[in-house]
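A.B. asks: Dropping in input.pdb, which is PDB, C-alpha atoms:
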```
MODEL        1
ATOM      1  CA  MET A   1       0.000   0.000   0.000
ATOM      2  CA  ALA A   2       1.022   3.626  -0.347
ATOM      3  CA  ARG A   3       3.275   4.801   2.470
ATOM      4  CA  PRO A   4       4.180   8.324   3.671
ATOM      5  CA  THR A   5       7.855   7.444   3.179
ATOM      6  CA  ASP A   6       7.163   7.054  -0.552
ATOM      7  CA  TYR A   7       6.759  10.836  -0.840
ATOM      8  CA  PRO A   8       8.783  12.738   1.770
ATOM      9  CA  PHE A   9       8.035  16.387   2.448
ATOM     10  CA  PRO A  10      10.748  17.859   0.147
ATOM     11  CA  GLN A  11       9.428  15.883  -2.836
ATOM     12  CA  ARG A  12       5.882  17.016  -2.098
ATOM     13  CA  VAL A  13       6.941  20.672  -1.912
ATOM     14  CA  MET A  14       8.714  20.435  -5.254
ATOM     15  CA  HIS A  15       5.722  18.625  -6.729
ATOM     16  CA  TYR A  16       3.456  21.494  -5.625
ATOM     17  CA  LEU A  17       5.838  24.056  -7.112
ATOM     18  CA  HIS A  18       5.933  22.141 -10.398
ATOM     19  CA  LEU A  19       2.153  21.840 -10.495
ATOM     20  CA  ILE A  20       1.464  25.503  -9.758
ATOM     21  CA  GLY A  21       4.293  26.692 -11.981
ATOM     22  CA  ILE A  22       3.366  24.619 -15.021
ATOM     23  CA  ILE A  23      -0.331  25.524 -14.778
ATOM     24  CA  THR A  24       0.645  29.200 -14.547
ATOM     25  CA  LEU A  25       2.979  28.876 -17.527
ATOM     26  CA  VAL A  26       0.340  27.185 -19.672
ATOM     27  CA  PHE A  27      -2.291  29.776 -18.723
ATOM     28  CA  THR A  28      -0.074  32.822 -19.283
ATOM     29  CA  GLY A  29       1.384  31.251 -22.428
ATOM     30  CA  PHE A  30      -2.026  30.921 -24.037
ATOM     31  CA  LEU A  31      -2.900  34.471 -22.978
ATOM     32  CA  ILE A  32       0.284  35.718 -24.635
ATOM     33  CA  HIS A  33      -0.566  33.721 -27.766
ATOM     34  CA  HIS A  34      -4.194  34.955 -27.800
ATOM     35  CA  PRO A  35      -4.262  38.118 -25.649
ATOM     36  CA  PRO A  36      -7.679  39.362 -24.506
ATOM     37  CA  GLN A  37      -8.467  42.950 -25.351
ATOM     38  CA  GLY A  38      -6.958  45.357 -22.859
ATOM     39  CA  THR A  39      -4.499  42.818 -21.435
ATOM     40  CA  SER A  40      -0.971  44.043 -20.745
ATOM     41  CA  GLN A  41       1.312  41.902 -22.900
ATOM     42  CA  SER A  42       4.412  43.135 -21.119
ATOM     43  CA  ALA A  43       3.042  42.158 -17.700
ATOM     44  CA  LEU A  44       2.045  38.714 -18.982
ATOM     45  CA  ARG A  45       5.509  38.158 -20.425
ATOM     46  CA  VAL A  46       7.214  39.200 -17.200
ATOM     47  CA  VAL A  47       5.065  36.797 -15.158
ATOM     48  CA  HIS A  48       5.592  34.029 -17.718
ATOM     49  CA  VAL A  49       9.365  34.427 -17.729
ATOM     50  CA  LEU A  50       9.680  34.697 -13.938
ATOM     51  CA  VAL A  51       7.557  31.596 -13.355
ATOM     52  CA  GLY A  52       9.491  29.778 -16.072
ATOM     53  CA  ILE A  53      12.758  30.552 -14.303
ATOM     54  CA  ILE A  54      11.295  29.296 -11.015
ATOM     55  CA  VAL A  55      10.153  26.033 -12.631
ATOM     56  CA  LEU A  56      13.572  25.536 -14.215
ATOM     57  CA  VAL A  57      15.323  26.157 -10.897
ATOM     58  CA  VAL A  58      13.006  23.702  -9.127
ATOM     59  CA  VAL A  59      13.742  21.044 -11.762
ATOM     60  CA  LEU A  60      17.479  21.565 -11.355
ATOM     61  CA  VAL A  61      17.151  21.426  -7.563
ATOM     62  CA  ARG A  62      15.106  18.225  -7.878
ATOM     63  CA  ILE A  63      17.812  16.658 -10.037
ATOM     64  CA  TYR A  64      20.455  17.630  -7.488
ATOM     65  CA  TYR A  65      18.267  16.402  -4.625
ATOM     66  CA  ALA A  66      17.761  13.049  -6.355
ATOM     67  CA  PHE A  67      21.501  12.429  -6.088
ATOM     68  CA  ASN A  68      22.439  14.308  -2.923
ATOM     69  CA  GLY A  69      19.315  14.928  -0.824
ATOM     70  CA  PHE A  70      18.481  13.250   2.467
ATOM     71  CA  TYR A  71      15.801  11.234   0.645
ATOM     72  CA  ARG A  72      17.868  10.853  -2.522
ATOM     73  CA  ASP A  73      16.113   8.603  -4.995
ATOM     74  CA  ALA A  74      18.054   8.743  -8.270
ATOM     75  CA  HIS A  75      18.472   4.969  -8.143
ATOM     76  CA  GLN A  76      14.689   4.606  -8.369
ATOM     77  CA  PHE A  77      14.762   6.039 -11.906
ATOM     78  CA  ALA A  78      17.555   3.845 -13.279
ATOM     79  CA  LEU A  79      16.403   1.637 -16.151
ATOM     80  CA  ARG A  80      17.621  -1.929 -15.765
ATOM     81  CA  ARG A  81      17.557  -4.954 -18.044
ATOM     82  CA  ASP A  82      14.342  -6.261 -16.469
ATOM     83  CA  ASP A  83      12.692  -2.892 -17.071
ATOM     84  CA  TRP A  84      13.299  -3.073 -20.812
ATOM     85  CA  ARG A  85      12.103  -6.673 -20.891
ATOM     86  CA  ASN A  86       8.873  -5.828 -19.021
ATOM     87  CA  LEU A  87       8.169  -2.558 -20.838
ATOM     88  CA  PRO A  88       5.913  -4.020 -23.610
ATOM     89  CA  ALA A  89       3.737  -5.799 -21.021
ATOM     90  CA  VAL A  90       3.482  -2.624 -18.928
ATOM     91  CA  ILE A  91       2.421  -0.608 -21.985
ATOM     92  CA  ARG A  92      -0.213  -3.223 -22.865
ATOM     93  CA  HIS A  93      -1.535  -3.043 -19.308
ATOM     94  CA  TYR A  94      -1.995   0.727 -19.430
ATOM     95  CA  LEU A  95      -3.533   0.637 -22.901
ATOM     96  CA  THR A  96      -6.148  -1.924 -21.877
ATOM     97  CA  LEU A  97      -6.272  -1.474 -18.065
ATOM     98  CA  LYS A  98      -6.680  -5.245 -17.851
ATOM     99  CA  GLY A  99      -4.788  -7.769 -15.783
ATOM    100  CA  GLU A 100      -1.936  -6.902 -13.460
ATOM    101  CA  LEU A 101       1.310  -5.090 -13.975
ATOM    102  CA  PRO A 102       4.366  -7.321 -14.341
ATOM    103  CA  PRO A 103       6.286  -7.564 -11.053
ATOM    104  CA  HIS A 104       9.117  -5.093 -10.675
ATOM    105  CA  SER A 105      11.543  -4.123  -7.968
ATOM    106  CA  GLY A 106      11.699  -0.620  -6.610
ATOM    107  CA  LYS A 107       9.202   2.203  -6.521
ATOM    108  CA  TYR A 108       8.546   2.780 -10.229
ATOM    109  CA  ASN A 109       7.730   0.530 -13.150
ATOM    110  CA  PRO A 110       9.642   0.970 -16.448
ATOM    111  CA  LEU A 111       7.000   3.172 -18.075
ATOM    112  CA  GLN A 112       7.033   5.504 -15.091
ATOM    113  CA  LYS A 113      10.806   5.758 -15.225
ATOM    114  CA  LEU A 114      10.778   6.586 -18.928
ATOM    115  CA  SER A 115       7.989   9.135 -18.548
ATOM    116  CA  TYR A 116       9.610  10.934 -15.611
ATOM    117  CA  LEU A 117      12.993  11.063 -17.293
ATOM    118  CA  GLY A 118      11.256  12.268 -20.447
ATOM    119  CA  VAL A 119       9.465  15.043 -18.575
ATOM    120  CA  VAL A 120      12.770  16.333 -17.213
ATOM    121  CA  VAL A 121      14.107  16.531 -20.777
ATOM    122  CA  LEU A 122      10.845  18.142 -21.891
ATOM    123  CA  VAL A 123      10.979  20.862 -19.223
ATOM    124  CA  LEU A 124      14.624  21.607 -19.988
ATOM    125  CA  ALA A 125      13.872  21.847 -23.723
ATOM    126  CA  GLN A 126      10.850  24.029 -23.017
ATOM    127  CA  SER A 127      12.997  26.306 -20.875
ATOM    128  CA  LEU A 128      15.613  26.645 -23.611
ATOM    129  CA  THR A 129      13.080  27.534 -26.296
ATOM    130  CA  GLY A 130      11.383  29.957 -23.913
ATOM    131  CA  MET A 131      14.653  31.724 -23.140
ATOM    132  CA  ALA A 132      15.468  31.829 -26.856
ATOM    133  CA  LEU A 133      12.169  33.621 -27.473
ATOM    134  CA  TYR A 134      12.837  36.149 -24.730
ATOM    135  CA  TRP A 135      16.576  36.599 -25.325
ATOM    136  CA  PRO A 136      17.106  35.676 -29.003
ATOM    137  CA  GLY A 137      20.479  37.389 -29.152
ATOM    138  CA  THR A 138      21.869  35.351 -26.277
ATOM    139  CA  PHE A 139      20.552  32.116 -27.776
ATOM    140  CA  SER A 140      21.279  32.985 -31.400
ATOM    141  CA  GLY A 141      22.693  29.524 -32.094
ATOM    142  CA  LEU A 142      19.481  27.820 -31.000
ATOM    143  CA  VAL A 143      17.390  30.340 -32.941
ATOM    144  CA  ALA A 144      19.421  29.681 -36.072
ATOM    145  CA  SER A 145      19.203  25.894 -35.648
ATOM    146  CA  LEU A 146      15.401  26.142 -35.507
ATOM    147  CA  GLU A 147      15.334  28.411 -38.579
ATOM    148  CA  GLY A 148      14.427  31.622 -36.825
ATOM    149  CA  LEU A 149      12.052  32.798 -34.133
ATOM    150  CA  ALA A 150       9.074  31.269 -35.939
ATOM    151  CA  GLY A 151      10.655  27.839 -35.567
ATOM    152  CA  VAL A 152      11.494  28.495 -31.922
ATOM    153  CA  ARG A 153       7.930  29.608 -31.257
ATOM    154  CA  ALA A 154       6.486  26.544 -33.014
ATOM    155  CA  SER A 155       8.781  24.251 -31.010
ATOM    156  CA  HIS A 156       7.832  25.970 -27.757
ATOM    157  CA  TYR A 157       4.144  25.600 -28.590
ATOM    158  CA  ALA A 158       4.509  21.910 -29.520
ATOM    159  CA  LEU A 159       6.431  21.186 -26.317
ATOM    160  CA  THR A 160       3.634  22.844 -24.349
ATOM    161  CA  TRP A 161       1.087  20.432 -25.788
ATOM    162  CA  LEU A 162       3.343  17.471 -25.049
ATOM    163  CA  LEU A 163       3.595  18.655 -21.457
ATOM    164  CA  ILE A 164      -0.180  19.113 -21.199
ATOM    165  CA  THR A 165      -0.674  15.609 -22.604
ATOM    166  CA  PHE A 166       1.672  14.109 -20.028
ATOM    167  CA  ILE A 167      -0.080  15.918 -17.176
ATOM    168  CA  MET A 168      -3.510  14.709 -18.292
ATOM    169  CA  VAL A 169      -2.348  11.090 -18.593
ATOM    170  CA  HIS A 170      -0.475  11.382 -15.305
ATOM    171  CA  LEU A 171      -3.551  12.623 -13.436
ATOM    172  CA  TYR A 172      -5.876  10.125 -15.090
ATOM    173  CA  MET A 173      -3.741   7.141 -14.151
ATOM    174  CA  VAL A 174      -3.273   8.293 -10.560
ATOM    175  CA  ILE A 175      -6.930   9.113  -9.959
ATOM    176  CA  SER A 176      -8.334   6.076 -11.763
ATOM    177  CA  GLU A 177      -6.075   3.464 -10.175
ATOM    178  CA  THR A 178      -4.776   4.728  -6.838
ATOM    179  CA  PRO A 179      -6.507   7.750  -5.291
ATOM    180  CA  ASP A 180      -4.514   7.058  -2.126
ATOM    181  CA  ARG A 181      -1.309   7.852  -3.992
ATOM    182  CA  LEU A 182      -2.703  11.197  -5.142
ATOM    183  CA  ARG A 183      -3.641  12.114  -1.564
ATOM    184  CA  LEU A 184      -0.230  10.971  -0.404
ATOM    185  CA  MET A 185       1.622  13.103  -2.939
ATOM    186  CA  LEU A 186      -0.500  16.193  -2.283
ATOM    187  CA  LEU A 187      -1.263  15.879   1.439
ATOM    188  CA  GLY A 188       1.312  13.482   2.850
ATOM    189  CA  GLN A 189      -1.372  11.075   4.033
ATOM    190  CA  THR A 190      -3.603   8.374   2.590
ATOM    191  CA  GLY A 191      -7.213   7.429   3.068
ATOM    192  CA  GLY A 192      -6.087   4.464   5.114
ATOM    193  CA  VAL A 193      -6.880   1.857   2.494
ATOM    194  CA  GLY A 194      -4.083   0.272   0.491
ATOM    195  CA  SER A 195      -4.701   0.478  -3.208
ATOM    196  CA  GLU A 196      -1.574  -1.021  -4.670
ATOM    197  CA  LYS A 197      -0.893  -4.645  -5.373
ATOM    198  CA  GLU A 198       2.037  -6.674  -4.239
ATOM    199  CA  GLY A 199       4.296  -7.956  -6.980
ATOM    200  CA  ALA A 200       3.611 -11.597  -7.701
ATOM    201  CA  GLY A 201       6.246 -13.776  -6.101
ATOM    202  CA  THR A 202       8.788 -10.978  -5.745
ATOM    203  CA  GLY A 203       7.626  -8.848  -2.847
ATOM    204  CA  SER A 204       7.914  -5.805  -5.106
ATOM    205  CA  ARG A 205       5.214  -3.171  -5.133
ATOM    206  CA  GLN A 206       3.060  -2.320  -8.126
ATOM    207  CA  TYR A 207       2.779   1.393  -8.807
ATOM    208  CA  PRO A 208       0.554   3.030 -11.425
ATOM    209  CA  LEU A 209       1.694   5.673 -13.876
ATOM    210  CA  SER A 210       1.902   8.415 -11.266
TER     211      SER A 210
ENDMDL
END
```
What would you get if you wrote out this structure as structure tokens?

C.D. replies:
Amino acid sequence: MARPTDYPFPQRVMHYLHLIGIITLVFTGFLIHHPPQGTSQSALRVVHVLVGIIVLVVVLVRIYYAFNGFYRDAHQFALRRDDWRNLPAVIRHYLTLKGELPPHSGKYNPLQKLSYLGVVVLVLAQSLTGMALYWPGTFSGLVASLEGLAGVRASHYALTWLLITFIMVHLYMVISETPDRLRLMLLGQTGGVGSEKEGAGTGSRQYPLS
């Protein structure tokens, strides 16, 4: 079952900051793209850039914390041979929501590991394209590689939709399979009822895409 030690306080704080920051970035980004009449574009851009910097800093701190924090957990994201072997079965499980996840050791299954590592890359790429839009002279090499500001803007927009897609899938899988895990991540406590399954014959825990 979900345990408070699965999500220590520092991880929960950073999760909150990511959640609030990314929602703010998406909201202000769409307002910048389609500004309502009378809206201050300069104010929106300042808020967007400041929040973007905060999100980037939090991601970098989280990476550092994963290797050096008191509750360091970088090893939980390492992809091992068994992960690659079980990945097709895990994908089939999430596509059909039938049967049980293949047993795995550690906190995350292989699809979780890939998705979380992918999100880190996504946020870093989003940050780079965002900074290139705001400071094109400083990031002239990136601007040139994407064939101008139009290419940078298109890349930034596409990355936003990828991030939104991940968040929607992330929330759906958590809420639909283990509401206790959502409460644990957000509140540091569960509803008192275990909602995860023990790994068959291995003693490992089964975790949803959360």

A.B. asks: I'd like to know which of A:Leu79, A:Ala158, A:Met14, A:Val90 is closest to Val57 (chain A), using only C-alpha atoms.

C.D. replies: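 For Val57 (chain A), the nearest of the given residues is A:Met14.
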
A.B. asks: Residues at most 8 Å from region 141-155 of chain A, counting all atoms listed in the file, excluding those fewer than 3 positions away in the same chain, as a PyMOL selection string?

C.D. replies: chain A and resi 129+132-133+136+158-159

A.B. asks: Between A:Leu114, A:Ile22, A:Leu187, A:Val169, which has the minimum distance to Ile53 (chain A) (counting only C-alpha atoms)?

C.D. replies: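 When distances to Ile53 (chain A) are compared using only C-alpha atoms, the smallest one comes from A:Ile22.
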
A.B. asks: Taking (19.0, 14.1, -11.4) in the file's coordinates, which residues come within 10 Å, counting only C-alpha atoms, written as a list in words?

C.D. replies: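 The residues that fall inside the cut-off are Val59, Leu60, Val61, Arg62, Ile63, Tyr64, Tyr65, Ala66, Phe67, Asn68, Arg72, Asp73, Ala74, His75, Phe77, Leu117 and Val120 of chain A.
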
A.B. asks: Scan for residues within 12 Å of the point (14.4, 32.3, -17.6) in the coordinates of the file, using only C-alpha atoms, and reply as a CSV table (one decimal) with C-alpha atoms, keeping the file's coordinate frame.

C.D. replies:
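Generated output (result_19.csv):
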```
chain,number,residue,atom,x,y,z
A,25,LEU,CA,3.0,28.9,-17.5
A,45,ARG,CA,5.5,38.2,-20.4
A,46,VAL,CA,7.2,39.2,-17.2
A,47,VAL,CA,5.1,36.8,-15.2
A,48,HIS,CA,5.6,34.0,-17.7
A,49,VAL,CA,9.4,34.4,-17.7
A,50,LEU,CA,9.7,34.7,-13.9
A,51,VAL,CA,7.6,31.6,-13.4
A,52,GLY,CA,9.5,29.8,-16.1
A,53,ILE,CA,12.8,30.6,-14.3
A,54,ILE,CA,11.3,29.3,-11.0
A,55,VAL,CA,10.2,26.0,-12.6
A,56,LEU,CA,13.6,25.5,-14.2
A,57,VAL,CA,15.3,26.2,-10.9
A,124,LEU,CA,14.6,21.6,-20.0
A,126,GLN,CA,10.8,24.0,-23.0
A,127,SER,CA,13.0,26.3,-20.9
A,128,LEU,CA,15.6,26.6,-23.6
A,129,THR,CA,13.1,27.5,-26.3
A,130,GLY,CA,11.4,30.0,-23.9
A,131,MET,CA,14.7,31.7,-23.1
A,132,ALA,CA,15.5,31.8,-26.9
A,133,LEU,CA,12.2,33.6,-27.5
A,134,TYR,CA,12.8,36.1,-24.7
A,135,TRP,CA,16.6,36.6,-25.3
A,138,THR,CA,21.9,35.4,-26.3
A,139,PHE,CA,20.6,32.1,-27.8
```

A.B. asks: Given all atoms listed in the file as the basis, pick out the residue of A:Gly69, A:Gly137, A:Pro110, A:Pro8 nearest to Ala89 (chain A).

C.D. replies: A:Pro110

A.B. asks: Which residue out of A:His156, A:Lys98, A:Val58, A:Lys107 has the minimum interatomic distance to Ala78 (chain A) when all atoms listed in the file are used?

C.D. replies: A:Lys107

A.B. asks: What is the CA of Asn86 (chain A)-CA of Ser105 (chain A) distance in Å, reported with one decimal?

C.D. replies: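 Result for CA of Asn86 (chain A) versus CA of Ser105 (chain A): 11.5 Å, one decimal.
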
A.B. asks: Determine the residue set returned by the PyMOL selection byres ((chain A and resi 115) around 12) for the present structure, and present it as a list in words.

C.D. replies: Phe77, Leu79, Leu87, Ile91, Tyr108, Asn109, Pro110, Leu111, Gln112, Lys113, Leu114, Tyr116, Leu117, Gly118, Val119, Val120, Val121, Leu122, Leu162, Leu163, Thr165, Phe166, Ile167, Val169, His170, Pro208, Leu209 and Ser210 of chain A

A.B. asks: Using all atoms listed in the file, which protein or nucleic acid residues come within 8 Å of Phe9 (chain A)? Drop anything in the same chain fewer than 3 positions from it, and give the result as a list in words.

C.D. replies: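 What passes the distance filter is Arg12, Val13 and Gly188 of chain A.
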
A.B. asks: Go ahead and write the residues just picked, C-alpha atoms, as a PDB file, keeping the file's coordinate frame.

C.D. replies:
```pdb
ATOM      1  CA  ARG A  12       5.882  17.016  -2.098  1.00  0.00           C
ATOM      2  CA  VAL A  13       6.941  20.672  -1.912  1.00  0.00           C
ATOM      3  CA  GLY A 188       1.312  13.482   2.850  1.00  0.00           C
TER       4      GLY A 188
END
```

A.B. asks: Measuring atom to atom with all atoms listed in the file, identify which of A:Tyr172, A:Phe30, A:Tyr7, A:Tyr94 is nearest to Tyr71 (chain A).

C.D. replies: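 Using all atoms listed in the file, Tyr71 (chain A) sits closest to A:Tyr7.
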
A.B. asks: Box for region 85-89 of chain A - axis-aligned, 5 Å on each of the six sides, all listed atoms - centre and size in Å to one decimal, as lines of an AutoDock Vina configuration file.

C.D. replies:
```
center_x = 7.9
center_y = -4.6
center_z = -21.3
size_x = 18.4
size_y = 14.1
size_z = 14.6
```

A.B. asks: How many Å separate CA of Gly29 (chain A) from CA of Leu44 (chain A)?

C.D. replies: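 CA of Leu44 (chain A) lies at a distance of 8.2 Å from CA of Gly29 (chain A).
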
A.B. asks: Could you state the separation of CA of Gly21 (chain A) and CA of Ser42 (chain A) in Å, given to one decimal place?

C.D. replies: 18.8 Å
